[in-house]
Structure formats: C-alpha cells, structure tokens
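**Q** Data: query-v8.pdb, PDB, C-alpha atoms.
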ATOM      1  CA  ASP A   1      19.065 -11.321  59.935
ATOM      2  CA  ASP A   2      19.195 -14.806  58.441
ATOM      3  CA  ALA A   3      16.100 -14.097  56.359
ATOM      4  CA  ALA A   4      17.635 -10.940  54.986
ATOM      5  CA  GLY A   5      20.692 -12.848  53.846
ATOM      6  CA  ASP A   6      18.872 -15.724  52.160
ATOM      7  CA  ASP A   7      18.185 -13.840  48.897
ATOM      8  CA  ASP A   8      21.577 -13.679  47.203
ATOM      9  CA  SER A   9      20.070 -11.826  44.255
ATOM     10  CA  ALA A  10      18.713  -8.954  46.327
ATOM     11  CA  GLY A  11      21.666  -6.730  45.564
ATOM     12  CA  GLU A  12      22.165  -7.842  41.956
ATOM     13  CA  ALA A  13      21.279  -5.449  39.168
ATOM     14  CA  GLN A  14      18.444  -6.625  36.944
ATOM     15  CA  ASP A  15      18.918  -6.788  33.192
ATOM     16  CA  GLU A  16      17.183  -4.089  31.194
ATOM     17  CA  PHE A  17      15.557  -4.657  27.834
ATOM     18  CA  VAL A  18      14.501  -2.604  24.825
ATOM     19  CA  ARG A  19      11.473  -4.051  23.047
ATOM     20  CA  PHE A  20      10.396  -3.011  19.567
ATOM     21  CA  ALA A  21       8.152  -4.281  16.791
ATOM     22  CA  VAL A  22       8.727  -4.499  13.036
ATOM     23  CA  ILE A  23       5.960  -4.290  10.428
ATOM     24  CA  THR A  24       6.300  -3.968   6.693
ATOM     25  CA  ASP A  25       4.600  -3.911   3.299
ATOM     26  CA  ALA A  26       1.218  -2.559   4.367
ATOM     27  CA  HIS A  27       0.418  -1.665   0.723
ATOM     28  CA  LEU A  28      -2.369   0.642   1.842
ATOM     29  CA  LYS A  29      -5.184   1.515  -0.566
ATOM     30  CA  PRO A  30      -7.357   4.656  -0.763
ATOM     31  CA  ASP A  31     -10.339   2.650   0.501
ATOM     32  CA  GLU A  32     -10.209   2.360   4.295
ATOM     33  CA  THR A  33     -12.321  -0.812   4.095
ATOM     34  CA  HIS A  34      -9.796  -2.613   1.874
ATOM     35  CA  THR A  35      -8.373  -5.755   3.505
ATOM     36  CA  ASN A  36      -4.847  -4.297   3.522
ATOM     37  CA  ASN A  37      -6.013  -1.271   5.481
ATOM     38  CA  LEU A  38      -8.084  -3.327   7.903
ATOM     39  CA  VAL A  39      -5.188  -5.665   8.686
ATOM     40  CA  MET A  40      -2.917  -2.686   9.288
ATOM     41  CA  ALA A  41      -5.505  -1.222  11.666
ATOM     42  CA  GLN A  42      -5.769  -4.553  13.507
ATOM     43  CA  THR A  43      -1.997  -4.814  13.749
ATOM     44  CA  ILE A  44      -1.773  -1.336  15.262
ATOM     45  CA  GLU A  45      -4.390  -2.299  17.863
ATOM     46  CA  ILE A  46      -2.367  -5.396  18.755
ATOM     47  CA  LEU A  47       0.867  -3.429  19.130
ATOM     48  CA  ASN A  48      -0.808  -0.747  21.221
ATOM     49  CA  ALA A  49      -2.096  -3.395  23.649
ATOM     50  CA  MET A  50       1.103  -5.419  24.095
ATOM     51  CA  ASP A  51       2.129  -6.255  27.651
ATOM     52  CA  PRO A  52       4.935  -5.753  28.436
ATOM     53  CA  PRO A  53       4.771  -2.735  26.166
ATOM     54  CA  ILE A  54       7.020  -2.115  23.204
ATOM     55  CA  GLU A  55       8.941   1.138  22.912
ATOM     56  CA  LEU A  56       9.349   1.602  19.160
ATOM     57  CA  VAL A  57       7.720   0.403  15.962
ATOM     58  CA  LEU A  58       9.871   0.096  12.834
ATOM     59  CA  LEU A  59       8.102   0.224   9.452
ATOM     60  CA  THR A  60      10.314  -1.095   6.671
ATOM     61  CA  GLY A  61       8.669   0.358   3.586
ATOM     62  CA  ASP A  62       5.863  -0.123   1.068
ATOM     63  CA  LEU A  63       3.562   1.812   3.347
ATOM     64  CA  LEU A  64       1.463   2.596   0.266
ATOM     65  CA  ASP A  65       0.592   0.470  -2.732
ATOM     66  CA  GLU A  66       0.752   3.465  -5.084
ATOM     67  CA  LEU A  67       0.207   7.216  -5.071
ATOM     68  CA  PRO A  68      -1.105   9.107  -8.115
ATOM     69  CA  SER A  69       0.847  12.378  -7.880
ATOM     70  CA  ASP A  70       4.073  13.929  -6.615
ATOM     71  CA  ASP A  71       2.500  17.394  -6.358
ATOM     72  CA  PRO A  72       1.532  18.407  -2.788
ATOM     73  CA  ALA A  73      -1.240  20.618  -4.211
ATOM     74  CA  TYR A  74      -2.957  17.521  -5.600
ATOM     75  CA  TYR A  75      -3.664  16.309  -2.080
ATOM     76  CA  GLU A  76      -5.179  19.608  -1.050
ATOM     77  CA  ASP A  77      -7.920  19.069  -3.623
ATOM     78  CA  ASN A  78      -8.169  15.265  -3.508
ATOM     79  CA  GLY A  79      -8.800  13.590  -0.172
ATOM     80  CA  GLY A  80      -9.179   9.921   0.622
ATOM     81  CA  THR A  81      -5.904   8.834  -0.948
ATOM     82  CA  ALA A  82      -3.617   6.122   0.394
ATOM     83  CA  LEU A  83      -1.523   8.939   1.833
ATOM     84  CA  ASP A  84      -4.484  10.063   3.923
ATOM     85  CA  GLN A  85      -4.969   6.477   5.048
ATOM     86  CA  ILE A  86      -1.409   5.993   6.312
ATOM     87  CA  GLU A  87      -1.519   9.322   8.120
ATOM     88  CA  ALA A  88      -4.761   8.364   9.877
ATOM     89  CA  LEU A  89      -3.536   4.910  10.841
ATOM     90  CA  LEU A  90      -0.196   6.101  12.182
ATOM     91  CA  ALA A  91      -2.011   8.765  14.203
ATOM     92  CA  GLY A  92      -3.657   5.879  16.050
ATOM     93  CA  LEU A  93      -0.356   4.175  16.862
ATOM     94  CA  GLU A  94       0.300   5.010  20.508
ATOM     95  CA  ILE A  95       3.963   4.010  20.339
ATOM     96  CA  PRO A  96       6.754   6.097  18.778
ATOM     97  CA  TRP A  97       7.388   4.873  15.245
ATOM     98  CA  LEU A  98      10.146   5.093  12.654
ATOM     99  CA  ALA A  99       9.459   4.529   8.956
ATOM    100  CA  VAL A 100      11.399   4.210   5.715
ATOM    101  CA  LEU A 101      10.232   4.066   2.105
ATOM    102  CA  GLY A 102      10.005   1.050  -0.189
ATOM    103  CA  ASN A 103       9.654   0.687  -3.944
ATOM    104  CA  HIS A 104       5.834   0.863  -3.920
ATOM    105  CA  ASP A 105       5.977   4.204  -2.137
ATOM    106  CA  TYR A 106       7.490   5.520  -5.398
ATOM    107  CA  TYR A 107       4.810   4.076  -7.721
ATOM    108  CA  GLN A 108       2.145   6.217  -9.374
ATOM    109  CA  SER A 109      -0.009   3.367 -10.655
ATOM    110  CA  GLY A 110       0.088  -0.284 -11.505
ATOM    111  CA  GLY A 111      -0.398  -3.604  -9.836
ATOM    112  CA  GLY A 112       1.533  -6.765  -9.084
ATOM    113  CA  LEU A 113       4.968  -6.610 -10.685
ATOM    114  CA  LEU A 114       3.931  -4.143 -13.417
ATOM    115  CA  ASN A 115       4.154  -0.678 -11.930
ATOM    116  CA  ASP A 116       4.620   2.900 -13.049
ATOM    117  CA  LEU A 117       7.602   4.324 -11.171
ATOM    118  CA  THR A 118       7.486   8.102 -10.731
ATOM    119  CA  ASP A 119       9.854   9.931 -13.073
ATOM    120  CA  ASP A 120      10.645  12.464 -10.331
ATOM    121  CA  LEU A 121      12.094  10.567  -7.383
ATOM    122  CA  PRO A 122      13.137  13.737  -5.471
ATOM    123  CA  ALA A 123       9.616  15.182  -5.681
ATOM    124  CA  ARG A 124       8.063  11.947  -4.399
ATOM    125  CA  GLU A 125      10.610  11.776  -1.605
ATOM    126  CA  ALA A 126      10.020  15.388  -0.570
ATOM    127  CA  LEU A 127       6.249  14.806  -0.525
ATOM    128  CA  LEU A 128       6.430  11.735   1.695
ATOM    129  CA  VAL A 129       9.099  13.063   4.041
ATOM    130  CA  ASP A 130       6.991  16.174   4.601
ATOM    131  CA  ARG A 131       3.568  14.539   4.927
ATOM    132  CA  LEU A 132       4.753  11.672   7.135
ATOM    133  CA  GLY A 133       7.073  13.838   9.202
ATOM    134  CA  LEU A 134      10.100  11.629   8.582
ATOM    135  CA  PRO A 135      13.496  12.840   9.874
ATOM    136  CA  GLY A 136      14.827  12.312   6.335
ATOM    137  CA  LEU A 137      15.188   9.675   3.641
ATOM    138  CA  TRP A 138      17.751   8.037   5.881
ATOM    139  CA  TYR A 139      18.443   8.864   9.497
ATOM    140  CA  ARG A 140      19.657   7.734  12.902
ATOM    141  CA  HIS A 141      17.453   7.550  15.998
ATOM    142  CA  ASP A 142      19.180   6.898  19.320
ATOM    143  CA  HIS A 143      17.114   5.109  21.948
ATOM    144  CA  ARG A 144      18.496   3.963  25.301
ATOM    145  CA  GLY A 145      21.989   3.405  23.965
ATOM    146  CA  ILE A 146      20.972   1.727  20.701
ATOM    147  CA  ALA A 147      21.291   3.511  17.363
ATOM    148  CA  PHE A 148      18.365   2.673  15.088
ATOM    149  CA  TYR A 149      19.238   3.402  11.444
ATOM    150  CA  GLY A 150      16.408   3.859   8.965
ATOM    151  CA  LEU A 151      17.824   3.547   5.438
ATOM    152  CA  ASN A 152      16.482   3.990   1.906
ATOM    153  CA  THR A 153      17.062   1.331  -0.765
ATOM    154  CA  MET A 154      15.725   3.380  -3.689
ATOM    155  CA  GLN A 155      18.897   5.415  -4.277
ATOM    156  CA  PRO A 156      20.538   5.031  -7.719
ATOM    157  CA  HIS A 157      24.268   4.443  -7.850
ATOM    158  CA  PRO A 158      26.176   6.285 -10.627
ATOM    159  CA  ASP A 159      28.490   3.330 -11.234
ATOM    160  CA  ALA A 160      25.592   1.025 -12.062
ATOM    161  CA  GLY A 161      23.603   1.844 -15.170
ATOM    162  CA  TRP A 162      20.180   1.298 -13.689
ATOM    163  CA  ILE A 163      17.659   2.841 -11.323
ATOM    164  CA  PRO A 164      16.497   0.658  -8.438
ATOM    165  CA  GLU A 165      12.955  -0.626  -8.698
ATOM    166  CA  SER A 166      12.548  -4.255  -7.741
ATOM    167  CA  VAL A 167      16.300  -4.380  -7.072
ATOM    168  CA  GLY A 168      17.532  -2.021  -4.370
ATOM    169  CA  SER A 169      20.551   0.240  -3.930
ATOM    170  CA  PHE A 170      21.699   2.674  -1.252
ATOM    171  CA  GLY A 171      23.643   5.187  -3.369
ATOM    172  CA  PRO A 172      27.078   6.622  -2.481
ATOM    173  CA  ASP A 173      25.917   9.507  -0.270
ATOM    174  CA  GLN A 174      23.932   7.261   2.046
ATOM    175  CA  VAL A 175      26.709   4.669   2.268
ATOM    176  CA  ALA A 176      29.266   7.342   3.174
ATOM    177  CA  TRP A 177      26.900   8.758   5.807
ATOM    178  CA  LEU A 178      26.320   5.335   7.359
ATOM    179  CA  GLN A 179      30.043   4.623   7.463
ATOM    180  CA  GLN A 180      30.634   7.861   9.338
ATOM    181  CA  GLN A 181      27.778   7.269  11.768
ATOM    182  CA  LEU A 182      28.801   3.723  12.629
ATOM    183  CA  SER A 183      32.330   4.884  13.405
ATOM    184  CA  ASP A 184      31.286   5.788  16.957
ATOM    185  CA  GLY A 185      30.855   2.081  17.737
ATOM    186  CA  ALA A 186      27.369   2.342  19.221
ATOM    187  CA  PRO A 187      25.244  -0.845  19.122
ATOM    188  CA  ALA A 188      23.035  -0.593  16.052
ATOM    189  CA  VAL A 189      19.810  -1.953  14.589
ATOM    190  CA  LEU A 190      19.340  -1.284  10.863
ATOM    191  CA  PHE A 191      16.051  -1.385   9.001
ATOM    192  CA  PHE A 192      15.313  -0.861   5.300
ATOM    193  CA  HIS A 193      13.122  -2.253   2.542
ATOM    194  CA  HIS A 194      14.948  -4.432   0.000
ATOM    195  CA  PRO A 195      16.538  -7.608   1.383
ATOM    196  CA  LEU A 196      20.242  -8.258   1.179
ATOM    197  CA  ALA A 197      21.348 -10.862  -1.377
ATOM    198  CA  LEU A 198      21.813 -13.779   1.015
ATOM    199  CA  ASP A 199      20.921 -17.401   0.361
ATOM    200  CA  ASN A 200      17.571 -17.647   2.120
ATOM    201  CA  ALA A 201      16.172 -14.335   0.859
ATOM    202  CA  VAL A 202      17.338 -15.061  -2.696
ATOM    203  CA  GLU A 203      15.612 -18.459  -2.692
ATOM    204  CA  ALA A 204      12.400 -17.561  -0.838
ATOM    205  CA  GLY A 205       9.075 -17.536  -2.676
ATOM    206  CA  PHE A 206       8.682 -15.784  -6.024
ATOM    207  CA  SER A 207      11.948 -13.884  -5.506
ATOM    208  CA  ALA A 208      13.793 -17.075  -6.485
ATOM    209  CA  GLY A 209      13.082 -16.379 -10.160
ATOM    210  CA  MET A 210      13.900 -12.687 -10.449
ATOM    211  CA  ALA A 211      16.412 -10.049  -9.414
ATOM    212  CA  PHE A 212      14.887  -8.820  -6.186
ATOM    213  CA  GLU A 213      17.504  -7.891  -3.596
ATOM    214  CA  VAL A 214      20.389  -5.471  -3.080
ATOM    215  CA  PRO A 215      22.861  -7.057  -5.544
ATOM    216  CA  ARG A 216      25.977  -8.848  -4.308
ATOM    217  CA  ALA A 217      28.164 -10.473  -6.958
ATOM    218  CA  GLU A 218      29.906 -12.606  -4.341
ATOM    219  CA  GLY A 219      26.693 -14.594  -3.937
ATOM    220  CA  ASP A 220      27.124 -15.949  -7.487
ATOM    221  CA  TYR A 221      23.388 -16.518  -7.822
ATOM    222  CA  ASP A 222      22.139 -18.056 -11.060
ATOM    223  CA  LYS A 223      19.271 -15.615 -11.487
ATOM    224  CA  TYR A 224      21.735 -12.731 -11.885
ATOM    225  CA  SER A 225      23.702 -14.473 -14.616
ATOM    226  CA  GLY A 226      23.669 -12.482 -17.853
ATOM    227  CA  THR A 227      21.978  -9.463 -16.234
ATOM    228  CA  GLU A 228      23.364  -6.027 -15.411
ATOM    229  CA  PHE A 229      23.523  -7.147 -11.778
ATOM    230  CA  GLU A 230      25.827 -10.124 -12.352
ATOM    231  CA  ASP A 231      29.084  -8.350 -11.481
ATOM    232  CA  TRP A 232      27.708  -5.627  -9.225
ATOM    233  CA  THR A 233      28.048  -5.522  -5.447
ATOM    234  CA  ASP A 234      26.455  -2.568  -3.701
ATOM    235  CA  PRO A 235      29.047  -0.742  -1.541
ATOM    236  CA  ILE A 236      26.762  -1.155   1.494
ATOM    237  CA  TYR A 237      28.114  -4.673   1.992
ATOM    238  CA  ALA A 238      31.645  -3.471   2.751
ATOM    239  CA  VAL A 239      30.307  -1.107   5.412
ATOM    240  CA  LEU A 240      28.128  -3.791   7.000
ATOM    241  CA  GLU A 241      30.980  -6.282   7.080
ATOM    242  CA  GLN A 242      33.372  -3.745   8.596
ATOM    243  CA  HIS A 243      30.937  -2.912  11.410
ATOM    244  CA  ALA A 244      29.354  -6.343  11.895
ATOM    245  CA  ALA A 245      30.520  -6.575  15.511
ATOM    246  CA  GLN A 246      28.307  -3.656  16.584
ATOM    247  CA  ILE A 247      25.246  -4.395  14.431
ATOM    248  CA  LEU A 248      22.729  -6.312  16.532
ATOM    249  CA  ALA A 249      20.322  -7.083  13.682
ATOM    250  CA  ILE A 250      19.059  -5.954  10.278
ATOM    251  CA  PHE A 251      15.329  -5.947   9.442
ATOM    252  CA  VAL A 252      13.991  -5.845   5.872
ATOM    253  CA  GLY A 253      10.758  -6.255   3.923
ATOM    254  CA  HIS A 254       9.858  -6.549   0.221
ATOM    255  CA  GLY A 255       9.597 -10.357   0.024
ATOM    256  CA  HIS A 256       6.299 -10.869   1.906
ATOM    257  CA  TRP A 257       7.667 -13.806   3.925
ATOM    258  CA  PHE A 258       9.265 -14.447   7.276
ATOM    259  CA  VAL A 259      12.885 -15.202   6.358
ATOM    260  CA  ARG A 260      16.004 -15.353   8.511
ATOM    261  CA  ASP A 261      19.518 -14.939   7.098
ATOM    262  CA  GLU A 262      22.933 -14.039   8.426
ATOM    263  CA  LEU A 263      25.680 -11.703   7.179
ATOM    264  CA  ASP A 264      29.024 -12.079   8.977
ATOM    265  CA  GLY A 265      27.227 -13.194  12.114
ATOM    266  CA  VAL A 266      24.587 -10.438  11.962
ATOM    267  CA  PRO A 267      20.973 -11.706  11.940
ATOM    268  CA  VAL A 268      19.126 -10.401   8.857
ATOM    269  CA  MET A 269      15.372 -10.841   9.161
ATOM    270  CA  MET A 270      12.580 -10.296   6.673
ATOM    271  CA  THR A 271       9.100  -9.657   8.058
ATOM    272  CA  ASP A 272       5.887 -10.842   6.429
ATOM    273  CA  SER A 273       3.631  -8.304   4.713
ATOM    274  CA  THR A 274       0.705  -6.995   6.727
ATOM    275  CA  GLY A 275      -1.147  -6.234   3.489
ATOM    276  CA  ASN A 276      -0.341  -9.063   1.090
ATOM    277  CA  SER A 277       0.782 -12.064   3.109
ATOM    278  CA  PRO A 278       1.021 -15.241   0.986
ATOM    279  CA  LEU A 279       0.487 -17.403   4.077
ATOM    280  CA  GLN A 280      -2.089 -15.117   5.749
ATOM    281  CA  THR A 281      -0.309 -15.754   9.043
ATOM    282  CA  SER A 282      -2.602 -15.361  12.039
ATOM    283  CA  THR A 283      -3.139 -16.467  15.632
ATOM    284  CA  GLY A 284      -6.281 -17.606  17.406
ATOM    285  CA  GLU A 285      -9.448 -19.017  15.905
ATOM    286  CA  GLY A 286     -12.934 -17.785  15.105
ATOM    287  CA  ASP A 287     -13.741 -14.462  16.724
ATOM    288  CA  ASP A 288     -10.315 -14.494  18.417
ATOM    289  CA  GLU A 289      -8.332 -14.748  15.163
ATOM    290  CA  GLN A 290      -5.829 -11.928  14.672
ATOM    291  CA  PRO A 291      -3.225 -11.220  11.986
ATOM    292  CA  MET A 292       0.308 -12.129  13.093
ATOM    293  CA  ARG A 293       2.509 -10.432  10.475
ATOM    294  CA  TYR A 294       5.000  -8.614  12.635
ATOM    295  CA  GLN A 295       8.115  -9.359  14.636
ATOM    296  CA  VAL A 296       8.796  -8.344  18.216
ATOM    297  CA  GLY A 297      12.462  -7.838  18.998
ATOM    298  CA  GLU A 298      14.038  -7.551  22.418
ATOM    299  CA  VAL A 299      17.581  -6.358  23.111
ATOM    300  CA  ASN A 300      19.195  -7.201  26.418
ATOM    301  CA  LEU A 301      21.090  -4.028  27.255
ATOM    302  CA  THR A 302      23.464  -5.937  29.544
ATOM    303  CA  ASP A 303      24.878  -8.393  27.028
ATOM    304  CA  GLY A 304      23.609  -6.955  23.717
ATOM    305  CA  GLU A 305      21.753 -10.144  22.799
ATOM    306  CA  LEU A 306      18.773  -9.716  20.493
ATOM    307  CA  THR A 307      15.845 -12.122  20.653
ATOM    308  CA  ILE A 308      12.715 -12.380  18.501
ATOM    309  CA  LEU A 309      10.045 -12.909  21.139
ATOM    310  CA  ASN A 310       7.242 -14.142  18.887
ATOM    311  CA  GLU A 311       9.136 -16.656  16.750
ATOM    312  CA  ASP A 312       6.878 -19.443  18.018
ATOM    313  CA  LEU A 313       3.890 -17.750  16.353
ATOM    314  CA  PHE A 314       5.140 -17.867  12.760
ATOM    315  CA  THR A 315       7.148 -20.054  10.392
ATOM    316  CA  TYR A 316      10.238 -18.904   8.521
ATOM    317  CA  ASN A 317       9.896 -19.501   4.785
ATOM    318  CA  LEU A 318      13.559 -20.536   4.733
TER
END
Would you encode the structure as structure tokens?

**A**
Amino acid sequence: DDAAGDDDSAGEAQDEFVRFAVITDAHLKPDETHTNNLVMAQTIEILNAMDPPIELVLLTGDLLDELPSDDPAYYEDNGGTALDQIEALLAGLEIPWLAVLGNHDYYQSGGGLLNDLTDDLPAREALLVDRLGLPGLWYRHDHRGIAFYGLNTMQPHPDAGWIPESVGSFGPDQVAWLQQQLSDGAPAVLFFHHPLALDNAVEAGFSAGMAFEVPRAEGDYDKYSGTEFEDWTDPIYAVLEQHAAQILAIFVGHGHWFVRDELDGVPVMMTDSTGNSPLQTSTGEGDDEQPMRYQVGEVNLTDGELTILNEDLFTYNL
C-alpha cells in the first residue's frame, strides 16, 4: 500500500502537445538535381524521420521560383516544370501539410529581384490551388483545438494604388474573413509569406534597404519615406492587435533569415529559406551534415505556451 502511495503524480493528467514544422522559400526549379530541389528533398526526409513525430508541416510560400504559364493546358504538354517538382516532393512528405503562396509563386520568369509578375493573378491562383489541392487561397484548418490559418499576402487593396509584389497585402475580403473566423476565440497559429513590418524583420539582411514587408505606417521606418507605402497601414494589423490574446504565434517567410519579432505580445517568426539560405544553415559534419532551415514548434495544450524546439540549432539574424 505504501508503495502505491509514493508516486504523487500517478493520478495527475499529463500535458499534451501539438508539434509542427515550418519550412519556407523552397524556390524549386524544373531540374530535380538543382540544389534548391535537393535541399527540399533532404528537409522532407528529416521531417518524416523526426522522433517524436510532428503532426503538421506549414509551408509559408515561394514554393516555386517561377512558372512559365497560367494555362493548365500548358502543363499537359510540358512536363518537368517546377510545378511537377513540388507535386512530386510533397507526395513524399508523410505528414499532413498546409501551404500558402508567396510572391515567387506568381512569377512567370526572372531572377533575383527582377521578376516578371503574371498579369493574370486569378488564373495563376486557380492553377496552383487546383494542382496543389489547396483548400483555397486562404483557409482555416482546425487541429486538436488549434486553428491554423493559412493566409495569402498577394492580395491587392483598392485603397492603395499598387499591386503587391515584394511588398505584401491581404486585401479587404481576406481581412474581413479572418476577423469573422477569429471571433470564436479559438487558439490560433497564423502562417503567411510576407513578414510584418516590425523592427527586426525591417532591419534584417537585404530587406533593410527596400520596401519588403506588409506596410505599417506606425513603424515610421526610413526606407518607406517618400514612397507610396509611407502613410499606408494594411488593415490586417488592426485584426491581429484585436485578437492578440488568442494568437499563439505567426510564422512568415520571404526574408531568407531566421528572425524573431513580436506584435502585441505575439511571437512573429521568420524561417530561413530551404532553397536560398544566405547562411547555408546546417547541422552535423562531413557525411552527417544536413540542412537545418526549418523550425519545429510545440504547443502545450494545457497552458497554450508555444516553444520552438530547435532554436539551439540556428541563429536569429536579429
């Protein structure tokens, strides 16, 4: 009897956790032997083998580097495109995944910062939603009590006289939808491509010299001075601030760095690019070297705390 009573924790409920991974900016090429494609394949192998296992993979845009046509018929006659590559790679991911689009997913040709944006955004969106089997351009996925929101930052806003390319916007329809969805109070994780205009993301790497984020006039950043973005704040910020108490974290891409920010107490984290990492972050040496360009998040379902489990394996740019 004494032995049975020694373990005070025997009757205590154990905390439960949701574990997920975030990868971004694969920039896949038509050639399956291209470095970008090989690193993506390696990353998928790593995620598949994780122990304890992860339950979801979030892909925050720029799946492709460019895509030559918006016409579905083109891909019936032309195989071996970057679209074929992402389909093949995701077919090998043994974990449920959720993806959103980034600016490069809308490009027809180009390279670096000089790119040819499709002149038919709806056609490109319809093509990718159909071929990748996405729930929509933006959507909610509920998993064990957490609402995962995949959002699209390539939506023009009629009150701003520009179309998002390097700079992102959510557009009024998406913002209204998100406001309505968040009204149920469920704990939420948001993921999308362009970073929010917060100090660390604005100052990190090459983004420090150009308009690069989802504009926010309240930041009063020098690089927006004299541009069409100087006095513009995307309406998404008001929604995020209103619902900050239920948002566990926001994950973004686009900058090709590991960056951590905060918006009204909400962690906002940028993940390094699997395809074009400036730091070529990796673990191990020699034959054991592996790319380490992903984040592993864990949510404690008891207290709602979110932890990045692999922070000791990479360095935040800022």

**Q** Work out how far atom CA of Ile236 of chain A is from atom CA of Val175 of chain A, in Å to one decimal.

**A** 5.9 Å

**Q** Each residue of segment 14-92 of chain A with at least one atom at most 6 Å from segment 278-297 of chain A should appear once, together with its nearest atom pair and the corresponding distance in Å (one decimal); atoms considered: only C-alpha atoms; ordering: chain, then increasing residue number; output as a Markdown table.

**A**
| residue | atom | partner | partner_atom | distance |
| --- | --- | --- | --- | --- |
| A:Arg19 | CA | A:Gly297 | CA | 5.6 |
| A:Phe20 | CA | A:Gly297 | CA | 5.3 |
| A:Ala21 | CA | A:Val296 | CA | 4.4 |
| A:Val22 | CA | A:Gln295 | CA | 5.2 |
| A:Ile23 | CA | A:Tyr294 | CA | 4.9 |

**Q** Fewer than 5 positions away in the same chain doesn't count, so skip those; otherwise give me all residues within 12 Å of Asn200 of chain A, counting only C-alpha atoms, as a list in words.

**A**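 That gives Pro195, Gly205, Ser207, Ala208, Glu213, Gly219, Tyr221, Gly255, Trp257, Phe258, Val259, Arg260, Asp261, Glu262, Leu263, Pro267, Val268, Met269, Met270, Tyr316, Asn317 and Leu318 of chain A.
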
**Q** Skipping near chain neighbours, those fewer than 3 positions away, what residues fall within 9 Å of His104 of chain A using only C-alpha atoms, listed as a list in words?

**A** Asp25, His27, Gly61, Asp62, Leu63, Leu64, Asp65, Glu66, Leu67, Leu101, Tyr107, Gln108, Asn115, Leu117 and Glu165 of chain A

**Q** Got a sec to resolve the PyMOL selection byres ((chain A and resi 80) around 10) on this structure and send the residues as a ChimeraX atom specification?

**A** /A:29-32,75,78-79,81-85

**Q** Just how far from atom CA of Thr302 of chain A is atom CA of Asp15 of chain A, in Å to one decimal?

**A**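 A separation of 5.9 Å between them.
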
**Q** Could you list, as a list in words, every residue matched by the PyMOL selection byres ((chain A and resi 275) around 8) in this structure?

**A**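 Answer for the PyMOL selection byres ((chain A and resi 275) around 8): Asp25, Ala26, His27, Leu28, Thr35, Asn36, Asn37, Val39, Met40, Ser273, Thr274, Asn276 and Ser277 of chain A.
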
**Q** Considering only C-alpha atoms, state which residue in the set A:Ala99, A:Ala126, A:Ala88, A:Ala41 is at the smallest distance from Pro72 of chain A.

**A**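 Closest candidate: A:Ala126.
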
**Q** Select, from A:Leu301, A:Met154, A:Leu198, A:Leu58, the residue with the minimum atom-to-atom distance to Asp220 of chain A, counting all atoms listed in the file.

**A**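 Smallest separation from Asp220 of chain A among the options: A:Leu198.
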
**Q** One decimal, Å: what's the distance from atom CA of His254 of chain A over to atom CA of Gly171 of chain A, could you say?

**A**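 These two atoms are separated by 18.5 Å.
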
**Q** Find, counting all atoms listed in the file, the residue in A:Val239, A:Leu306, A:Leu137, A:Val214 that gets nearest to Val18 of chain A.

**A**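 Among A:Val239, A:Leu306, A:Leu137, A:Val214, it is A:Leu306 that comes nearest to Val18 of chain A.
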
**Q** Report the centre and edge lengths, in Å to one decimal, of an axis-aligned box enclosing every atom of segment 11-28 of chain A listed in the file, padded by 8 Å on each side, as AutoDock Vina command-line options.

**A**
--center_x 9.9 --center_y -3.6 --center_z 23.1 --size_x 40.5 --size_y 24.5 --size_z 60.8

**Q** Just checking: using all atoms listed in the file, which residue out of A:Ala245, A:Leu190, A:Ile44, A:Leu127 ends up closest to Asn152 of chain A?

**A**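 Result for the nearest residue to Asn152 of chain A: A:Leu190.
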
**Q** Out of A:Pro53, A:Gly136, A:Pro158, A:Pro122, which residue has the shortest atom-to-atom distance to Ile95 of chain A when counting all atoms listed in the file?

**A** A:Pro53

**Q** If you apply the PyMOL selection byres ((chain A and resi 143) around 12) to this file, what residues do you get, as a compact mmCIF listing (two decimals) with C-alpha atoms, in the frame of the given file?

**A**
# COMPACT_ATOMS: atom_id res chain seq x y z
CA PHE A 17 15.56 -4.66 27.83
CA VAL A 18 14.50 -2.60 24.82
CA ARG A 19 11.47 -4.05 23.05
CA PHE A 20 10.40 -3.01 19.57
CA GLU A 55 8.94 1.14 22.91
CA LEU A 56 9.35 1.60 19.16
CA PRO A 96 6.75 6.10 18.78
CA TRP A 97 7.39 4.87 15.24
CA LEU A 98 10.15 5.09 12.65
CA ARG A 140 19.66 7.73 12.90
CA HIS A 141 17.45 7.55 16.00
CA ASP A 142 19.18 6.90 19.32
CA ARG A 144 18.50 3.96 25.30
CA GLY A 145 21.99 3.40 23.96
CA ILE A 146 20.97 1.73 20.70
CA ALA A 147 21.29 3.51 17.36
CA PHE A 148 18.36 2.67 15.09
CA TYR A 149 19.24 3.40 11.44
CA ALA A 186 27.37 2.34 19.22
CA PRO A 187 25.24 -0.84 19.12
CA ALA A 188 23.04 -0.59 16.05
CA VAL A 189 19.81 -1.95 14.59
CA VAL A 299 17.58 -6.36 23.11
CA LEU A 301 21.09 -4.03 27.26

**Q** Compare A:Leu121, A:Leu309, A:Leu38, A:Leu89 by their minimum atom-to-atom distance to Pro156 of chain A, counting all atoms listed in the file, and give me the closest one.

**A**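 Looking only at the distances to Pro156 of chain A, the closest residue turns out to be A:Leu121.
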